$ cat my_file31.pdb   # PDB, C-alpha atoms
ATOM      1  CA  MET A   1     -10.543 -24.107 -11.595  1.00  0.00           C
ATOM      2  CA  THR A   2     -11.868 -20.685 -10.582  1.00  0.00           C
ATOM      3  CA  SER A   3     -10.003 -17.645 -11.838  1.00  0.00           C
ATOM      4  CA  PHE A   4      -9.913 -14.027 -10.774  1.00  0.00           C
ATOM      5  CA  LEU A   5      -9.103 -11.354 -13.358  1.00  0.00           C
ATOM      6  CA  PHE A   6      -7.983 -14.169 -15.678  1.00  0.00           C
ATOM      7  CA  PHE A   7      -5.412 -15.397 -13.154  1.00  0.00           C
ATOM      8  CA  PRO A   8      -5.830 -19.004 -12.019  1.00  0.00           C
ATOM      9  CA  VAL A   9      -6.089 -19.353  -8.238  1.00  0.00           C
ATOM     10  CA  PHE A  10      -2.760 -21.197  -7.984  1.00  0.00           C
ATOM     11  CA  VAL A  11      -0.979 -18.226  -9.615  1.00  0.00           C
ATOM     12  CA  ILE A  12      -2.510 -15.727  -7.188  1.00  0.00           C
ATOM     13  CA  ASN A  13      -0.814 -17.631  -4.326  1.00  0.00           C
ATOM     14  CA  THR A  14       2.665 -16.820  -5.670  1.00  0.00           C
ATOM     15  CA  LEU A  15       4.717 -13.758  -6.511  1.00  0.00           C
ATOM     16  CA  LEU A  16       2.034 -12.673  -8.970  1.00  0.00           C
ATOM     17  CA  ARG A  17      -0.382 -12.424  -6.031  1.00  0.00           C
ATOM     18  CA  ARG A  18       1.908  -9.882  -4.409  1.00  0.00           C
ATOM     19  CA  ILE A  19       2.314  -7.975  -7.657  1.00  0.00           C
ATOM     20  CA  LEU A  20      -1.461  -7.950  -8.264  1.00  0.00           C
ATOM     21  CA  HIS A  21      -2.054  -6.757  -4.686  1.00  0.00           C
ATOM     22  CA  ALA A  22       0.497  -3.954  -5.011  1.00  0.00           C
ATOM     23  CA  LEU A  23      -0.769  -2.782  -8.403  1.00  0.00           C
ATOM     24  CA  LEU A  24      -4.416  -2.759  -7.338  1.00  0.00           C
ATOM     25  CA  PHE A  25      -3.483  -0.975  -4.118  1.00  0.00           C
ATOM     26  CA  GLU A  26      -1.488   1.773  -5.844  1.00  0.00           C
ATOM     27  CA  ILE A  27      -3.811   2.340  -8.808  1.00  0.00           C
ATOM     28  CA  CYS A  28      -6.836   2.759  -6.564  1.00  0.00           C
ATOM     29  CA  ALA A  29      -4.873   5.053  -4.256  1.00  0.00           C
ATOM     30  CA  LEU A  30      -3.677   7.287  -7.107  1.00  0.00           C
ATOM     31  CA  ILE A  31      -7.205   7.654  -8.455  1.00  0.00           C
ATOM     32  CA  ILE A  32      -8.358   8.877  -5.038  1.00  0.00           C
ATOM     33  CA  LEU A  33      -5.286  10.749  -3.814  1.00  0.00           C
ATOM     34  CA  VAL A  34      -3.882  12.829  -6.687  1.00  0.00           C
ATOM     35  CA  PRO A  35      -6.930  15.022  -7.364  1.00  0.00           C
ATOM     36  CA  LEU A  36      -7.669  15.497  -3.656  1.00  0.00           C
ATOM     37  CA  MET A  37      -4.107  16.370  -2.644  1.00  0.00           C
ATOM     38  CA  SER A  38      -3.350  18.622  -5.610  1.00  0.00           C
ATOM     39  CA  TYR A  39      -6.551  20.556  -4.932  1.00  0.00           C
ATOM     40  CA  GLY A  40      -6.128  20.546  -1.147  1.00  0.00           C
ATOM     41  CA  PHE A  41      -2.531  21.810  -1.291  1.00  0.00           C
ATOM     42  CA  ASP A  42      -3.120  24.031  -4.349  1.00  0.00           C
ATOM     43  CA  MET A  43      -0.414  22.261  -6.377  1.00  0.00           C
ATOM     44  CA  ASP A  44      -0.243  21.591 -10.090  1.00  0.00           C
ATOM     45  CA  LEU A  45      -2.087  18.340 -10.787  1.00  0.00           C
ATOM     46  CA  PHE A  46       0.601  16.962 -13.123  1.00  0.00           C
ATOM     47  CA  HIS A  47       3.590  17.921 -10.960  1.00  0.00           C
ATOM     48  CA  PHE A  48       1.919  16.457  -7.891  1.00  0.00           C
ATOM     49  CA  GLY A  49       0.726  13.478  -9.922  1.00  0.00           C
ATOM     50  CA  ALA A  50       4.305  12.763 -11.038  1.00  0.00           C
ATOM     51  CA  LEU A  51       5.451  12.772  -7.399  1.00  0.00           C
ATOM     52  CA  ALA A  52       2.559  10.526  -6.457  1.00  0.00           C
ATOM     53  CA  LEU A  53       3.462   8.113  -9.273  1.00  0.00           C
ATOM     54  CA  ILE A  54       7.133   8.026  -8.192  1.00  0.00           C
ATOM     55  CA  LEU A  55       6.083   7.453  -4.588  1.00  0.00           C
ATOM     56  CA  ALA A  56       3.644   4.769  -5.738  1.00  0.00           C
ATOM     57  CA  VAL A  57       6.440   2.844  -7.450  1.00  0.00           C
ATOM     58  CA  CYS A  58       8.621   3.210  -4.346  1.00  0.00           C
ATOM     59  CA  ALA A  59       5.683   2.136  -2.213  1.00  0.00           C
ATOM     60  CA  MET A  60       5.083  -0.969  -4.331  1.00  0.00           C
ATOM     61  CA  VAL A  61       8.688  -2.054  -3.912  1.00  0.00           C
ATOM     62  CA  CYS A  62       8.629  -1.251  -0.179  1.00  0.00           C
ATOM     63  CA  ASN A  63       5.261  -2.992   0.105  1.00  0.00           C
ATOM     64  CA  MET A  64       6.516  -6.222  -1.414  1.00  0.00           C
ATOM     65  CA  ILE A  65       9.658  -6.207   0.742  1.00  0.00           C
ATOM     66  CA  TYR A  66       7.738  -5.337   3.921  1.00  0.00           C
ATOM     67  CA  ASN A  67       4.931  -7.846   3.307  1.00  0.00           C
ATOM     68  CA  HIS A  68       7.384 -10.631   2.510  1.00  0.00           C
ATOM     69  CA  ALA A  69       9.240 -10.009   5.774  1.00  0.00           C
ATOM     70  CA  TYR A  70       5.968  -9.614   7.679  1.00  0.00           C
ATOM     71  CA  GLU A  71       4.608 -12.915   6.359  1.00  0.00           C
ATOM     72  CA  ILE A  72       7.797 -14.725   7.435  1.00  0.00           C
ATOM     73  CA  VAL A  73       7.416 -13.340  10.960  1.00  0.00           C
ATOM     74  CA  GLU A  74       3.655 -14.005  10.862  1.00  0.00           C
ATOM     75  CA  ARG A  75       4.209 -17.687  10.014  1.00  0.00           C
ATOM     76  CA  HIS A  76       7.020 -18.041  12.556  1.00  0.00           C
ATOM     77  CA  TYR A  77       4.893 -16.742  15.432  1.00  0.00           C
ATOM     78  CA  GLY A  78       1.572 -18.148  14.183  1.00  0.00           C
ATOM     79  CA  TRP A  79      -0.126 -14.751  14.066  1.00  0.00           C
ATOM     80  CA  ARG A  80      -3.661 -14.495  12.740  1.00  0.00           C
ATOM     81  CA  ARG A  81      -4.765 -11.581  10.569  1.00  0.00           C
ATOM     82  CA  THR A  82      -7.053  -9.937  13.058  1.00  0.00           C
ATOM     83  CA  ILE A  83      -8.035  -6.292  12.982  1.00  0.00           C
ATOM     84  CA  GLY A  84      -5.441  -5.557  15.669  1.00  0.00           C
ATOM     85  CA  MET A  85      -2.689  -7.238  13.666  1.00  0.00           C
ATOM     86  CA  ARG A  86      -3.762  -5.282  10.579  1.00  0.00           C
ATOM     87  CA  VAL A  87      -3.374  -2.054  12.598  1.00  0.00           C
ATOM     88  CA  TRP A  88       0.192  -3.028  13.629  1.00  0.00           C
ATOM     89  CA  HIS A  89       0.975  -4.160  10.080  1.00  0.00           C
ATOM     90  CA  THR A  90      -0.185  -0.817   8.693  1.00  0.00           C
ATOM     91  CA  LEU A  91       1.693   1.278  11.269  1.00  0.00           C
ATOM     92  CA  GLY A  92       4.908  -0.659  10.625  1.00  0.00           C
ATOM     93  CA  PHE A  93       4.666  -0.216   6.896  1.00  0.00           C
ATOM     94  CA  GLU A  94       3.992   3.518   7.201  1.00  0.00           C
ATOM     95  CA  ALA A  95       7.108   4.016   9.344  1.00  0.00           C
ATOM     96  CA  PHE A  96       9.200   1.983   6.891  1.00  0.00           C
ATOM     97  CA  PHE A  97       7.895   3.825   3.846  1.00  0.00           C
ATOM     98  CA  MET A  98       8.122   7.301   5.386  1.00  0.00           C
ATOM     99  CA  ALA A  99      11.881   6.828   5.732  1.00  0.00           C
ATOM    100  CA  VAL A 100      11.994   6.592   1.927  1.00  0.00           C
ATOM    101  CA  ALA A 101       9.285   9.114   1.062  1.00  0.00           C
ATOM    102  CA  LEU A 102      10.353  12.053   3.234  1.00  0.00           C
ATOM    103  CA  PRO A 103      13.623  12.992   1.500  1.00  0.00           C
ATOM    104  CA  LEU A 104      12.139  12.303  -1.927  1.00  0.00           C
ATOM    105  CA  THR A 105       9.126  14.543  -1.277  1.00  0.00           C
ATOM    106  CA  ALA A 106      11.291  17.418   0.013  1.00  0.00           C
ATOM    107  CA  TRP A 107      13.574  17.217  -3.016  1.00  0.00           C
ATOM    108  CA  TRP A 108      10.814  16.896  -5.635  1.00  0.00           C
ATOM    109  CA  LEU A 109       8.675  19.742  -4.322  1.00  0.00           C
ATOM    110  CA  HIS A 110      11.617  21.982  -3.363  1.00  0.00           C
ATOM    111  CA  ILE A 111      10.306  22.358   0.163  1.00  0.00           C
ATOM    112  CA  SER A 112      11.872  22.077   3.573  1.00  0.00           C
ATOM    113  CA  VAL A 113      12.114  18.748   5.310  1.00  0.00           C
ATOM    114  CA  ILE A 114       9.630  20.043   7.901  1.00  0.00           C
ATOM    115  CA  ASP A 115       7.103  20.919   5.173  1.00  0.00           C
ATOM    116  CA  ALA A 116       7.730  17.537   3.555  1.00  0.00           C
ATOM    117  CA  LEU A 117       7.136  15.898   6.920  1.00  0.00           C
ATOM    118  CA  VAL A 118       3.762  17.649   7.237  1.00  0.00           C
ATOM    119  CA  LEU A 119       2.826  16.580   3.714  1.00  0.00           C
ATOM    120  CA  ASP A 120       4.037  13.025   4.342  1.00  0.00           C
ATOM    121  CA  LEU A 121       2.026  12.915   7.570  1.00  0.00           C
ATOM    122  CA  VAL A 122      -1.083  13.809   5.564  1.00  0.00           C
ATOM    123  CA  PHE A 123      -0.123  11.069   3.084  1.00  0.00           C
ATOM    124  CA  SER A 124       0.420   8.671   5.978  1.00  0.00           C
ATOM    125  CA  VAL A 125      -2.947   9.336   7.587  1.00  0.00           C
ATOM    126  CA  PHE A 126      -4.645   8.810   4.250  1.00  0.00           C
ATOM    127  CA  PHE A 127      -2.670   5.642   3.541  1.00  0.00           C
ATOM    128  CA  MET A 128      -3.104   4.177   7.019  1.00  0.00           C
ATOM    129  CA  LEU A 129      -6.866   4.429   6.675  1.00  0.00           C
ATOM    130  CA  TYR A 130      -6.788   3.394   3.038  1.00  0.00           C
ATOM    131  CA  ALA A 131      -4.384   0.469   3.620  1.00  0.00           C
ATOM    132  CA  PHE A 132      -6.471  -0.811   6.505  1.00  0.00           C
ATOM    133  CA  ALA A 133      -9.653  -0.756   4.422  1.00  0.00           C
ATOM    134  CA  PHE A 134      -8.041  -2.027   1.214  1.00  0.00           C
ATOM    135  CA  ASN A 135      -6.229  -4.928   2.902  1.00  0.00           C
ATOM    136  CA  TRP A 136      -9.287  -5.922   4.896  1.00  0.00           C
ATOM    137  CA  VAL A 137     -11.390  -6.093   1.717  1.00  0.00           C
ATOM    138  CA  TYR A 138      -8.526  -7.799  -0.137  1.00  0.00           C
ATOM    139  CA  ASP A 139      -8.189 -10.455   2.598  1.00  0.00           C
ATOM    140  CA  ILE A 140     -11.930 -11.146   2.524  1.00  0.00           C
ATOM    141  CA  ALA A 141     -11.963 -11.400  -1.286  1.00  0.00           C
ATOM    142  CA  ARG A 142      -8.890 -13.631  -1.318  1.00  0.00           C
ATOM    143  CA  HIS A 143     -10.367 -15.891   1.351  1.00  0.00           C
ATOM    144  CA  ARG A 144     -13.654 -16.202  -0.539  1.00  0.00           C
ATOM    145  CA  LEU A 145     -11.869 -16.891  -3.817  1.00  0.00           C
ATOM    146  CA  SER A 146      -9.660 -19.552  -2.228  1.00  0.00           C
ATOM    147  CA  ARG A 147     -12.737 -21.284  -0.737  1.00  0.00           C
ATOM    148  CA  SER A 148     -14.436 -21.407  -4.114  1.00  0.00           C
ATOM    149  CA  ALA A 149     -11.399 -22.928  -5.842  1.00  0.00           C
TER     150      ALA A 149
END

$ encode --input "my_file31.pdb" --output "structure tokens"
Amino acid sequence: MTSFLFFPVFVINTLLRRILHALLFEICALIILVPLMSYGFDMDLFHFGALALILAVCAMVCNMIYNHAYEIVERHYGWRRTIGMRVWHTLGFEAFFMAVALPLTAWWLHISVIDALVLDLVFSVFFMLYAFAFNWVYDIARHRLSRSA
């Protein structure tokens, strides 16, 4: 049986698959995002990094909830994971997550809700592009790994 990162293929098709997806997604995002955003917004790297880590944990939870619900609807309607569906999937998640992230960002950074909205919009643009690319690559890798099993 083929394995990926020491996980047997049958395990990756369960809850652990969702956890692995979320962890890989967030770790890669933090590595890219924290230095760029702290420099771009002239904020302390560690203070901004702490916010990013808190938002990453919130995003992982939101991601698992959203993806679980999305996959139920996807199966019900027989949707295929085309590029267009990935765009809708990404937009829906960003709206869902922004409802959580906006008040948290304003509170943590001691900024107005309007300033937090601007910052969250920058986050959202980054994450929409990043999520699209990450999930596309993830889907291809998962498909190839499942074929080789």

$ residues_around --input "my_file31.pdb" --residues "range 64-77 of chain A" --least-positions-apart "6" --cutoff "8 Å" --atoms "all atoms listed in the file" --output "PyMOL selection string"
chain A and resi 18-19+22+89+93

$ write_last_selection --input "my_file31.pdb" --atoms "C-alpha atoms" --output "mmCIF file, keeping the file's coordinate frame"
data_model
loop_
_atom_site.group_PDB
_atom_site.id
_atom_site.type_symbol
_atom_site.label_atom_id
_atom_site.label_comp_id
_atom_site.auth_asym_id
_atom_site.auth_seq_id
_atom_site.Cartn_x
_atom_site.Cartn_y
_atom_site.Cartn_z
ATOM 1 C CA ARG A 18 1.908 -9.882 -4.409
ATOM 2 C CA ILE A 19 2.314 -7.975 -7.657
ATOM 3 C CA ALA A 22 0.497 -3.954 -5.011
ATOM 4 C CA HIS A 89 0.975 -4.160 10.080
ATOM 5 C CA PHE A 93 4.666 -0.216 6.896
#

$ resolve_selection --input "my_file31.pdb" --expression "the PyMOL selection byres ((chain A and resi 27) around 12)" --output "MDAnalysis selection string"
chainID A and resid 20:26 28:34 52:53 55:57 59:60 134

$ write_last_selection --input "my_file31.pdb" --atoms "C-alpha atoms" --output "mmCIF file, in the coordinates of the input"
data_model
loop_
_atom_site.group_PDB
_atom_site.id
_atom_site.type_symbol
_atom_site.label_atom_id
_atom_site.label_comp_id
_atom_site.auth_asym_id
_atom_site.auth_seq_id
_atom_site.Cartn_x
_atom_site.Cartn_y
_atom_site.Cartn_z
ATOM 1 C CA LEU A 20 -1.461 -7.950 -8.264
ATOM 2 C CA HIS A 21 -2.054 -6.757 -4.686
ATOM 3 C CA ALA A 22 0.497 -3.954 -5.011
ATOM 4 C CA LEU A 23 -0.769 -2.782 -8.403
ATOM 5 C CA LEU A 24 -4.416 -2.759 -7.338
ATOM 6 C CA PHE A 25 -3.483 -0.975 -4.118
ATOM 7 C CA GLU A 26 -1.488 1.773 -5.844
ATOM 8 C CA CYS A 28 -6.836 2.759 -6.564
ATOM 9 C CA ALA A 29 -4.873 5.053 -4.256
ATOM 10 C CA LEU A 30 -3.677 7.287 -7.107
ATOM 11 C CA ILE A 31 -7.205 7.654 -8.455
ATOM 12 C CA ILE A 32 -8.358 8.877 -5.038
ATOM 13 C CA LEU A 33 -5.286 10.749 -3.814
ATOM 14 C CA VAL A 34 -3.882 12.829 -6.687
ATOM 15 C CA ALA A 52 2.559 10.526 -6.457
ATOM 16 C CA LEU A 53 3.462 8.113 -9.273
ATOM 17 C CA LEU A 55 6.083 7.453 -4.588
ATOM 18 C CA ALA A 56 3.644 4.769 -5.738
ATOM 19 C CA VAL A 57 6.440 2.844 -7.450
ATOM 20 C CA ALA A 59 5.683 2.136 -2.213
ATOM 21 C CA MET A 60 5.083 -0.969 -4.331
ATOM 22 C CA PHE A 134 -8.041 -2.027 1.214
#

$ atom_distance --input "my_file31.pdb" --atom1 "CA of Met98 in chain A" --atom2 "CA of Ile111 in chain A"
16.1 Å

$ residues_near_point --input "my_file31.pdb" --point "(10.7, 15.6, 4.9)" --cutoff "7 Å" --atoms "all atoms listed in the file" --output "list in words"
Leu102, Pro103, Thr105, Ala106, Ser112, Val113, Ile114, Asp115, Ala116 and Leu117 of chain A

$ closest_residue --input "my_file31.pdb" --among "A:Ser124, A:Ser148, A:Asn63, A:Asn135" --to "Leu91 in chain A" --atoms "only C-alpha atoms"
A:Ser124

$ atom_distance --input "my_file31.pdb" --atom1 "CA of Phe132 in chain A" --atom2 "CA of Leu109 in chain A"
27.7 Å

$ atom_distance --input "my_file31.pdb" --atom1 "CA of Phe41 in chain A" --atom2 "CA of Cys58 in chain A"
21.9 Å

$ residues_around --input "my_file31.pdb" --residues "Ile83 in chain A" --least-positions-apart "2" --cutoff "12 Å" --atoms "all atoms listed in the file" --output "PyMOL selection string"
chain A and resi 79-81+85-90+132-133+135-137+139

$ closest_residue --input "my_file31.pdb" --among "A:Ala95, A:Leu36, A:Leu121, A:Cys62" --to "Phe48 in chain A" --atoms "only C-alpha atoms"
A:Leu36

$ axis_aligned_box --input "my_file31.pdb" --around "range 129-132 of chain A" --padding-each-side "5 Å" --output "lines of an AutoDock Vina configuration file"
center_x = -5.6
center_y = 1.8
center_z = 4.9
size_x = 12.5
size_y = 15.2
size_z = 13.6

$ build_atoms --input "my_file31.pdb" --residues "range 123-149 of chain A" --atoms "N, CA and C atoms" --output "CSV table (one decimal), in the frame of the given file"
chain,number,residue,atom,x,y,z
A,123,PHE,N,-0.2,12.3,3.9
A,123,PHE,CA,-0.1,11.1,3.1
A,123,PHE,C,-0.3,9.8,4.0
A,124,SER,N,0.4,9.8,5.1
A,124,SER,CA,0.4,8.7,6.0
A,124,SER,C,-0.9,8.4,6.6
A,125,VAL,N,-1.6,9.5,7.0
A,125,VAL,CA,-2.9,9.3,7.6
A,125,VAL,C,-3.9,8.8,6.5
A,126,PHE,N,-3.8,9.3,5.3
A,126,PHE,CA,-4.6,8.8,4.2
A,126,PHE,C,-4.3,7.3,4.0
A,127,PHE,N,-3.0,7.0,3.9
A,127,PHE,CA,-2.7,5.6,3.5
A,127,PHE,C,-2.9,4.7,4.7
A,128,MET,N,-2.8,5.1,5.9
A,128,MET,CA,-3.1,4.2,7.0
A,128,MET,C,-4.6,3.8,7.0
A,129,LEU,N,-5.4,4.7,6.8
A,129,LEU,CA,-6.9,4.4,6.7
A,129,LEU,C,-7.2,3.6,5.4
A,130,TYR,N,-6.6,4.1,4.3
A,130,TYR,CA,-6.8,3.4,3.0
A,130,TYR,C,-6.2,2.0,3.1
A,131,ALA,N,-5.0,1.8,3.6
A,131,ALA,CA,-4.4,0.5,3.6
A,131,ALA,C,-5.2,-0.5,4.5
A,132,PHE,N,-5.7,0.0,5.6
A,132,PHE,CA,-6.5,-0.8,6.5
A,132,PHE,C,-7.7,-1.3,5.8
A,133,ALA,N,-8.4,-0.4,5.1
A,133,ALA,CA,-9.7,-0.8,4.4
A,133,ALA,C,-9.4,-1.6,3.2
A,134,PHE,N,-8.4,-1.3,2.4
A,134,PHE,CA,-8.0,-2.0,1.2
A,134,PHE,C,-7.6,-3.5,1.6
A,135,ASN,N,-6.7,-3.6,2.5
A,135,ASN,CA,-6.2,-4.9,2.9
A,135,ASN,C,-7.3,-5.8,3.6
A,136,TRP,N,-8.2,-5.2,4.3
A,136,TRP,CA,-9.3,-5.9,4.9
A,136,TRP,C,-10.2,-6.5,3.8
A,137,VAL,N,-10.6,-5.6,2.8
A,137,VAL,CA,-11.4,-6.1,1.7
A,137,VAL,C,-10.6,-7.1,0.9
A,138,TYR,N,-9.3,-6.9,0.6
A,138,TYR,CA,-8.5,-7.8,-0.1
A,138,TYR,C,-8.5,-9.2,0.5
A,139,ASP,N,-8.2,-9.2,1.9
A,139,ASP,CA,-8.2,-10.5,2.6
A,139,ASP,C,-9.5,-11.2,2.5
A,140,ILE,N,-10.6,-10.5,2.6
A,140,ILE,CA,-11.9,-11.1,2.5
A,140,ILE,C,-12.1,-11.7,1.1
A,141,ALA,N,-11.8,-10.9,0.1
A,141,ALA,CA,-12.0,-11.4,-1.3
A,141,ALA,C,-11.1,-12.6,-1.6
A,142,ARG,N,-9.8,-12.5,-1.1
A,142,ARG,CA,-8.9,-13.6,-1.3
A,142,ARG,C,-9.4,-14.9,-0.6
A,143,HIS,N,-9.9,-14.7,0.6
A,143,HIS,CA,-10.4,-15.9,1.4
A,143,HIS,C,-11.6,-16.5,0.6
A,144,ARG,N,-12.5,-15.7,0.2
A,144,ARG,CA,-13.7,-16.2,-0.5
A,144,ARG,C,-13.3,-16.9,-1.9
A,145,LEU,N,-12.3,-16.3,-2.6
A,145,LEU,CA,-11.9,-16.9,-3.8
A,145,LEU,C,-11.2,-18.2,-3.6
A,146,SER,N,-10.4,-18.3,-2.5
A,146,SER,CA,-9.7,-19.6,-2.2
A,146,SER,C,-10.6,-20.6,-1.8
A,147,ARG,N,-11.7,-20.3,-1.1
A,147,ARG,CA,-12.7,-21.3,-0.7
A,147,ARG,C,-13.5,-21.8,-1.9
A,148,SER,N,-13.7,-21.0,-3.0
A,148,SER,CA,-14.4,-21.4,-4.1
A,148,SER,C,-13.6,-22.2,-5.1
A,149,ALA,N,-12.3,-22.3,-4.9
A,149,ALA,CA,-11.4,-22.9,-5.8
A,149,ALA,C,-11.5,-24.4,-5.7
